[in-house]
>>> print(open('input.pdb').read())   # PDB, C-alpha atoms
ATOM      1  CA  MET F  82     113.158 118.816  29.864
ATOM      2  CA  THR F  83     114.091 117.948  33.418
ATOM      3  CA  ASP F  84     115.956 119.617  36.260
ATOM      4  CA  ASP F  85     117.588 118.028  39.273
ATOM      5  CA  GLU F  86     116.974 119.636  42.625
ATOM      6  CA  GLU F  87     118.943 118.864  45.792
ATOM      7  CA  ARG F  88     117.624 120.094  49.092
ATOM      8  CA  PRO F  89     119.562 119.392  52.281
ATOM      9  CA  ALA F  90     117.016 119.152  55.071
ATOM     10  CA  GLY F  91     118.147 119.955  58.555
ATOM     11  CA  SER F  92     121.171 122.051  57.573
ATOM     12  CA  GLN F  93     121.272 125.235  59.591
ATOM     13  CA  GLY F  94     122.412 128.733  58.715
ATOM     14  CA  GLU F  95     122.896 130.297  55.314
ATOM     15  CA  SER F  96     126.628 130.006  54.947
ATOM     16  CA  PRO F  97     127.776 126.787  53.259
ATOM     17  CA  GLY F  98     131.373 127.111  54.385
ATOM     18  CA  MET F  99     133.030 124.778  56.819
ATOM     19  CA  GLY F 100     136.189 126.855  56.785
ATOM     20  CA  THR F 101     135.578 128.686  60.040
ATOM     21  CA  ASP F 102     135.897 127.488  63.611
ATOM     22  CA  GLU F 103     133.842 130.388  64.946
ATOM     23  CA  ARG F 104     131.049 129.222  67.181
ATOM     24  CA  SER F 105     127.521 129.515  65.788
ATOM     25  CA  GLU F 106     124.509 129.949  68.021
ATOM     26  CA  ASP F 107     123.186 126.713  66.487
ATOM     27  CA  VAL F 108     126.112 124.681  67.835
ATOM     28  CA  PRO F 109     125.481 122.979  71.192
ATOM     29  CA  ALA F 110     127.910 123.887  73.970
ATOM     30  CA  TRP F 111     130.443 121.185  74.782
ATOM     31  CA  ASP F 112     132.753 121.179  77.785
ATOM     32  CA  ASP F 113     135.440 120.184  75.331
ATOM     33  CA  ASP F 114     137.256 122.691  73.154
ATOM     34  CA  TYR F 115     137.952 120.112  70.466
ATOM     35  CA  PHE F 116     134.285 119.196  70.001
ATOM     36  CA  GLU F 117     133.414 122.902  70.020
ATOM     37  CA  ARG F 118     135.677 123.379  67.014
ATOM     38  CA  VAL F 119     134.439 120.272  65.220
ATOM     39  CA  GLY F 120     130.839 121.322  65.823
ATOM     40  CA  ALA F 121     131.536 124.744  64.321
ATOM     41  CA  ARG F 122     132.710 123.000  61.144
ATOM     42  CA  LEU F 123     129.755 120.617  60.941
ATOM     43  CA  VAL F 124     126.870 122.883  61.857
ATOM     44  CA  TYR F 125     126.156 124.097  58.328
ATOM     45  CA  ASN F 126     125.385 120.565  57.136
ATOM     46  CA  TYR F 127     124.232 118.719  60.243
ATOM     47  CA  ASP F 128     121.682 119.106  63.000
ATOM     48  CA  LEU F 129     123.889 118.620  66.052
ATOM     49  CA  GLU F 130     123.256 117.245  69.530
ATOM     50  CA  ARG F 131     125.517 116.591  72.492
ATOM     51  CA  ASP F 132     125.587 113.575  74.794
ATOM     52  CA  ARG F 133     123.532 111.185  72.674
ATOM     53  CA  ALA F 134     123.082 107.635  73.997
ATOM     54  CA  VAL F 135     122.518 104.832  71.488
ATOM     55  CA  ALA F 136     122.353 101.117  72.306
ATOM     56  CA  GLY F 137     124.138 101.629  75.612
ATOM     57  CA  GLU F 138     126.916 103.718  74.014
ATOM     58  CA  ARG F 139     127.264 107.400  74.832
ATOM     59  CA  PHE F 140     128.536 109.820  72.197
ATOM     60  CA  ALA F 141     129.640 113.364  72.946
ATOM     61  CA  LEU F 142     128.485 114.560  69.523
ATOM     62  CA  TYR F 143     125.674 113.372  67.292
ATOM     63  CA  GLY F 144     124.922 114.878  63.901
ATOM     64  CA  GLU F 145     122.126 114.151  61.469
ATOM     65  CA  MET F 146     121.850 115.296  57.878
ATOM     66  CA  GLU F 147     119.039 114.625  55.437
ATOM     67  CA  VAL F 148     119.077 115.284  51.709
ATOM     68  CA  HIS F 149     115.975 115.240  49.540
ATOM     69  CA  THR F 150     116.324 115.242  45.758
ATOM     70  CA  ARG F 151     113.763 115.305  43.005
ATOM     71  CA  LYS F 152     113.521 115.818  39.285
ATOM     72  CA  HIS F 153     110.860 117.977  37.725
ATOM     73  CA  PHE F 154     109.483 118.514  34.254
ATOM     74  CA  LEU F 155     109.355 122.176  33.177
ATOM     75  CA  HIS F 156     107.911 123.259  36.529
ATOM     76  CA  PRO F 157     108.707 122.216  40.123
ATOM     77  CA  ALA F 158     105.060 121.337  40.695
ATOM     78  CA  LEU F 159     105.440 118.532  38.140
ATOM     79  CA  SER F 160     107.956 116.512  40.092
ATOM     80  CA  TYR F 161     108.955 112.869  39.965
ATOM     81  CA  ALA F 162     111.831 110.564  40.971
ATOM     82  CA  GLU F 163     112.016 111.829  44.534
ATOM     83  CA  HIS F 164     114.824 110.322  46.621
ATOM     84  CA  GLU F 165     115.935 110.636  50.221
ATOM     85  CA  ALA F 166     119.369 110.167  51.748
ATOM     86  CA  ALA F 167     120.650 110.636  55.276
ATOM     87  CA  GLU F 168     123.760 110.501  57.392
ATOM     88  CA  HIS F 169     124.027 109.789  61.112
ATOM     89  CA  LEU F 170     127.324 110.820  62.701
ATOM     90  CA  PHE F 171     128.388 109.598  66.140
ATOM     91  CA  ALA F 172     131.568 110.961  67.738
ATOM     92  CA  ALA F 173     133.106 110.124  71.104
ATOM     93  CA  ARG F 174     136.330 110.569  73.004
ATOM     94  CA  ARG F 175     137.954 107.330  74.125
ATOM     95  CA  ASP F 176     141.113 106.496  76.105
ATOM     96  CA  GLY F 177     142.295 104.238  73.293
ATOM     97  CA  VAL F 178     141.089 102.203  70.341
ATOM     98  CA  ARG F 179     141.700  98.721  68.950
ATOM     99  CA  VAL F 180     140.526  97.076  65.760
ATOM    100  CA  ALA F 181     138.080  95.035  67.855
ATOM    101  CA  ASP F 182     136.506  98.290  69.089
ATOM    102  CA  LEU F 183     136.013  99.471  65.529
ATOM    103  CA  GLU F 184     134.457  96.172  64.528
ATOM    104  CA  ARG F 185     131.983  96.584  67.386
ATOM    105  CA  TYR F 186     130.949  99.993  66.027
ATOM    106  CA  VAL F 187     130.553  98.499  62.565
ATOM    107  CA  ASP F 188     128.164  95.944  64.059
ATOM    108  CA  LEU F 189     126.311  98.785  65.779
ATOM    109  CA  GLY F 190     125.950 100.523  62.419
ATOM    110  CA  HIS F 191     124.350  97.430  60.927
ATOM    111  CA  ASP F 192     121.982  97.148  63.903
ATOM    112  CA  LEU F 193     120.948 100.795  63.566
ATOM    113  CA  ALA F 194     120.399 100.372  59.838
ATOM    114  CA  GLU F 195     117.953  97.572  60.541
ATOM    115  CA  GLU F 196     116.096  99.667  63.117
ATOM    116  CA  TRP F 197     116.205 103.170  61.637
ATOM    117  CA  ILE F 198     115.950 102.858  57.866
ATOM    118  CA  GLU F 199     112.509 102.943  56.308
ATOM    119  CA  ALA F 200     113.366 101.008  53.182
ATOM    120  CA  ASP F 201     111.213 101.870  50.178
ATOM    121  CA  GLU F 202     111.575 103.054  46.601
ATOM    122  CA  GLU F 203     112.345 106.632  47.715
ATOM    123  CA  HIS F 204     115.223 105.620  49.959
ATOM    124  CA  TYR F 205     118.509 106.240  48.167
ATOM    125  CA  GLY F 206     121.114 105.779  50.869
ATOM    126  CA  THR F 207     121.931 106.183  54.551
ATOM    127  CA  ASP F 208     125.384 106.546  56.095
ATOM    128  CA  PHE F 209     126.250 105.615  59.671
ATOM    129  CA  SER F 210     129.566 107.268  60.539
ATOM    130  CA  PHE F 211     131.520 106.692  63.755
ATOM    131  CA  ALA F 212     134.371 108.991  64.792
ATOM    132  CA  LEU F 213     136.607 108.182  67.760
ATOM    133  CA  VAL F 214     138.860 110.787  69.352
ATOM    134  CA  VAL F 215     141.870 109.115  70.981
ATOM    135  CA  PRO F 216     145.348 110.029  72.278
ATOM    136  CA  GLU F 217     147.117 108.154  69.468
ATOM    137  CA  ILE F 218     146.323 106.009  66.444
ATOM    138  CA  PRO F 219     147.894 102.524  66.537
ATOM    139  CA  GLU F 220     149.286 101.334  63.219
ATOM    140  CA  ALA F 221     146.881  98.367  63.121
ATOM    141  CA  VAL F 222     143.954 100.753  63.528
ATOM    142  CA  ARG F 223     145.266 103.075  60.830
ATOM    143  CA  SER F 224     145.629 100.177  58.410
ATOM    144  CA  PHE F 225     142.162  98.814  59.193
ATOM    145  CA  VAL F 226     140.390 102.165  58.830
ATOM    146  CA  SER F 227     142.184 103.330  55.688
ATOM    147  CA  GLY F 228     141.182 100.157  53.841
ATOM    148  CA  PHE F 229     137.674  99.905  55.280
ATOM    149  CA  LYS F 230     134.567 100.034  53.096
ATOM    150  CA  ASP F 231     131.193  98.588  54.061
ATOM    151  CA  ARG F 232     128.187  99.154  51.786
ATOM    152  CA  THR F 233     125.034  97.023  51.947
ATOM    153  CA  MET F 234     122.441  97.008  49.183
ATOM    154  CA  ILE F 235     118.832  96.828  50.379
ATOM    155  CA  ARG F 236     116.652  94.472  48.378
ATOM    156  CA  TYR F 237     119.290  94.287  45.656
ATOM    157  CA  GLY F 238     119.393  98.074  45.503
ATOM    158  CA  TYR F 239     115.694  98.591  44.794
ATOM    159  CA  HIS F 240     115.412 100.214  48.217
ATOM    160  CA  GLY F 241     118.776 101.912  48.085
ATOM    161  CA  HIS F 242     121.735 101.083  50.296
ATOM    162  CA  TYR F 243     123.413 101.937  53.563
ATOM    163  CA  GLU F 244     127.050 102.401  54.430
ATOM    164  CA  VAL F 245     129.144 102.335  57.600
ATOM    165  CA  ASN F 246     132.062 104.772  57.832
ATOM    166  CA  LEU F 247     134.892 105.087  60.365
ATOM    167  CA  VAL F 248     137.084 108.004  61.449
ATOM    168  CA  VAL F 249     139.818 107.903  64.097
ATOM    169  CA  VAL F 250     141.528 111.113  65.129
ATOM    170  CA  ALA F 251     144.296 112.017  67.576
ATOM    171  CA  PRO F 252     144.080 115.821  67.809
ATOM    172  CA  GLU F 253     147.157 116.331  69.991
ATOM    173  CA  ALA F 254     149.239 114.366  67.506
ATOM    174  CA  GLU F 255     147.500 116.094  64.580
ATOM    175  CA  ALA F 256     146.732 112.688  63.078
ATOM    176  CA  VAL F 257     143.543 111.400  61.469
ATOM    177  CA  VAL F 258     142.485 108.451  59.336
ATOM    178  CA  ALA F 259     139.130 107.836  57.650
ATOM    179  CA  SER F 260     137.572 104.975  55.754
ATOM    180  CA  ARG F 261     137.449 105.065  51.982
ATOM    181  CA  SER F 262     133.919 106.406  51.451
ATOM    182  CA  THR F 263     133.903 109.413  53.752
ATOM    183  CA  ASP F 264     135.623 112.775  53.840
ATOM    184  CA  LEU F 265     134.713 113.554  57.455
ATOM    185  CA  ASP F 266     138.404 113.571  58.315
ATOM    186  CA  ARG F 267     138.439 117.151  56.981
ATOM    187  CA  ALA F 268     135.972 118.216  59.655
ATOM    188  CA  PHE F 269     137.866 116.498  62.461
ATOM    189  CA  ALA F 270     141.313 117.734  61.400
ATOM    190  CA  VAL F 271     140.785 121.091  63.093
ATOM    191  CA  TRP F 272     144.509 121.886  62.883
ATOM    192  CA  SER F 273     144.126 122.186  59.102
ATOM    193  CA  SER F 274     142.317 124.940  57.276
ATOM    194  CA  ALA F 275     139.076 123.846  55.664
ATOM    195  CA  GLU F 276     138.938 126.043  52.618
ATOM    196  CA  LYS F 277     136.397 123.812  50.925
ATOM    197  CA  GLU F 278     133.329 122.597  52.704
ATOM    198  CA  SER F 279     133.177 118.879  53.344
ATOM    199  CA  PRO F 280     130.704 117.770  50.654
ATOM    200  CA  GLY F 281     129.150 115.065  52.782
ATOM    201  CA  LEU F 282     126.115 113.476  51.169
ATOM    202  CA  LEU F 283     125.673 116.206  48.578
ATOM    203  CA  GLU F 284     128.673 115.034  46.556
ATOM    204  CA  ARG F 285     129.159 111.485  47.832
ATOM    205  CA  LEU F 286     125.658 110.373  46.899
ATOM    206  CA  PHE F 287     124.642 112.540  43.933
TER     207      PHE F 287
END
>>> encode(input="input.pdb", output="structure tokens")
Amino acid sequence: MTDDEERPAGSQGESPGMGTDERSEDVPAWDDDYFERVGARLVYNYDLERDRAVAGERFALYGEMEVHTRKHFLHPALSYAEHEAAEHLFAARRDGVRVADLERYVDLGHDLAEEWIEADEEHYGTDFSFALVVPEIPEAVRSFVSGFKDRTMIRYGYHGHYEVNLVVVAPEAEAVVASRSTDLDRAFAVWSSAEKESPGLLERLF
């Protein structure tokens, strides 16, 4: 007899809902109303930071989520098959975006995967997600993002995998597009009600 246990590490607060834009004391303060509202939606799943610099790029919002899962036989003390998964979210406001810009962030995701992932038998998966906030979404960008999927198996899957995700959002135009393997568009579409929490890694990976 076995039971599966999923434990999100780093999630803050007791409420699982992402359906409120009310500011939590755990949300960093941004001088940007839009990021304030996005942060209020993400805080229950992600540890959030503001003004994070990575590889010479500065991001207004950084979020990290870790999920630890294990199976146990009859009693939690008798555990086995422990796995770890994580997501790193980078969000920034830009004056505009081109497909070439997105490809550069995809390359950054691959570089970070090489540097940050400790690949072993317990590693299940890591997501690197990049969200750009822009005045408008060009049609070429929308087409590129909506069809984008980038998953890399590590050691033929024995050490899990990593994935790069893209989100582009134009809040003033109430427009958003996300790549095929992420649902983060629900967090960034603050003009829409979020009745159901964005499942993030909990549903995408398990």
>>> residues_around(input="input.pdb", residues="Arg174 in chain F", least_positions_apart="4", cutoff="12 Å", atoms="all atoms listed in the file", output="PyMOL selection string")
chain F and resi 113+115-116+132+138-142+178+211-217+248-252
>>> closest_residue(input="input.pdb", among="F:Thr233, F:Thr207, F:Ser262, F:Asn246", to="Val187 in chain F", atoms="only C-alpha atoms")
F:Asn246
>>> atom_distance(input="input.pdb", atom1="CA of Ile235 in chain F", atom2="CA of Val148 in chain F")
18.5 Å
>>> atom_distance(input="input.pdb", atom1="CA of Ala167 in chain F", atom2="CA of Met146 in chain F")
5.5 Å
>>> closest_residue(input="input.pdb", among="F:Glu145, F:Asp231, F:Leu247, F:Pro219", to="Ala173 in chain F", atoms="all atoms listed in the file")
F:Leu247
>>> resolve_selection(input="input.pdb", expression="the PyMOL selection byres ((chain F and resi 195) around 12)", output="mmCIF file with C-alpha atoms, in the coordinates of the input")
data_model
loop_
_atom_site.group_PDB
_atom_site.id
_atom_site.type_symbol
_atom_site.label_atom_id
_atom_site.label_comp_id
_atom_site.auth_asym_id
_atom_site.auth_seq_id
_atom_site.Cartn_x
_atom_site.Cartn_y
_atom_site.Cartn_z
ATOM 1 C CA ASP F 188 128.164 95.944 64.059
ATOM 2 C CA LEU F 189 126.311 98.785 65.779
ATOM 3 C CA GLY F 190 125.950 100.523 62.419
ATOM 4 C CA HIS F 191 124.350 97.430 60.927
ATOM 5 C CA ASP F 192 121.982 97.148 63.903
ATOM 6 C CA LEU F 193 120.948 100.795 63.566
ATOM 7 C CA ALA F 194 120.399 100.372 59.838
ATOM 8 C CA GLU F 196 116.096 99.667 63.117
ATOM 9 C CA TRP F 197 116.205 103.170 61.637
ATOM 10 C CA ILE F 198 115.950 102.858 57.866
ATOM 11 C CA GLU F 199 112.509 102.943 56.308
ATOM 12 C CA ALA F 200 113.366 101.008 53.182
ATOM 13 C CA THR F 207 121.931 106.183 54.551
ATOM 14 C CA PHE F 209 126.250 105.615 59.671
ATOM 15 C CA THR F 233 125.034 97.023 51.947
ATOM 16 C CA ILE F 235 118.832 96.828 50.379
ATOM 17 C CA HIS F 242 121.735 101.083 50.296
ATOM 18 C CA TYR F 243 123.413 101.937 53.563
ATOM 19 C CA GLU F 244 127.050 102.401 54.430
#
>>> closest_residue(input="input.pdb", among="F:Leu170, F:Val124, F:Ile218, F:Met234", to="Glu253 in chain F", atoms="only C-alpha atoms")
F:Ile218
>>> residues_around(input="input.pdb", residues="Val180 in chain F", least_positions_apart="2", cutoff="9 Å", atoms="all atoms listed in the file", output="JSON, numbers by chain")
{"F": [178, 182, 183, 184, 185, 221, 222, 225, 226]}
>>> atom_distance(input="input.pdb", atom1="CA of Ser224 in chain F", atom2="CA of Tyr186 in chain F")
16.5 Å
>>> closest_residue(input="input.pdb", among="F:Arg179, F:Arg267, F:His169, F:His164", to="Tyr143 in chain F", atoms="only C-alpha atoms")
F:His169
>>> closest_residue(input="input.pdb", among="F:Asp208, F:Glu202, F:Glu220, F:Asp128", to="Arg232 in chain F", atoms="all atoms listed in the file")
F:Asp208
>>> closest_residue(input="input.pdb", among="F:Tyr237, F:Phe229, F:Phe269, F:Tyr125", to="Ala172 in chain F", atoms="all atoms listed in the file")
F:Phe269
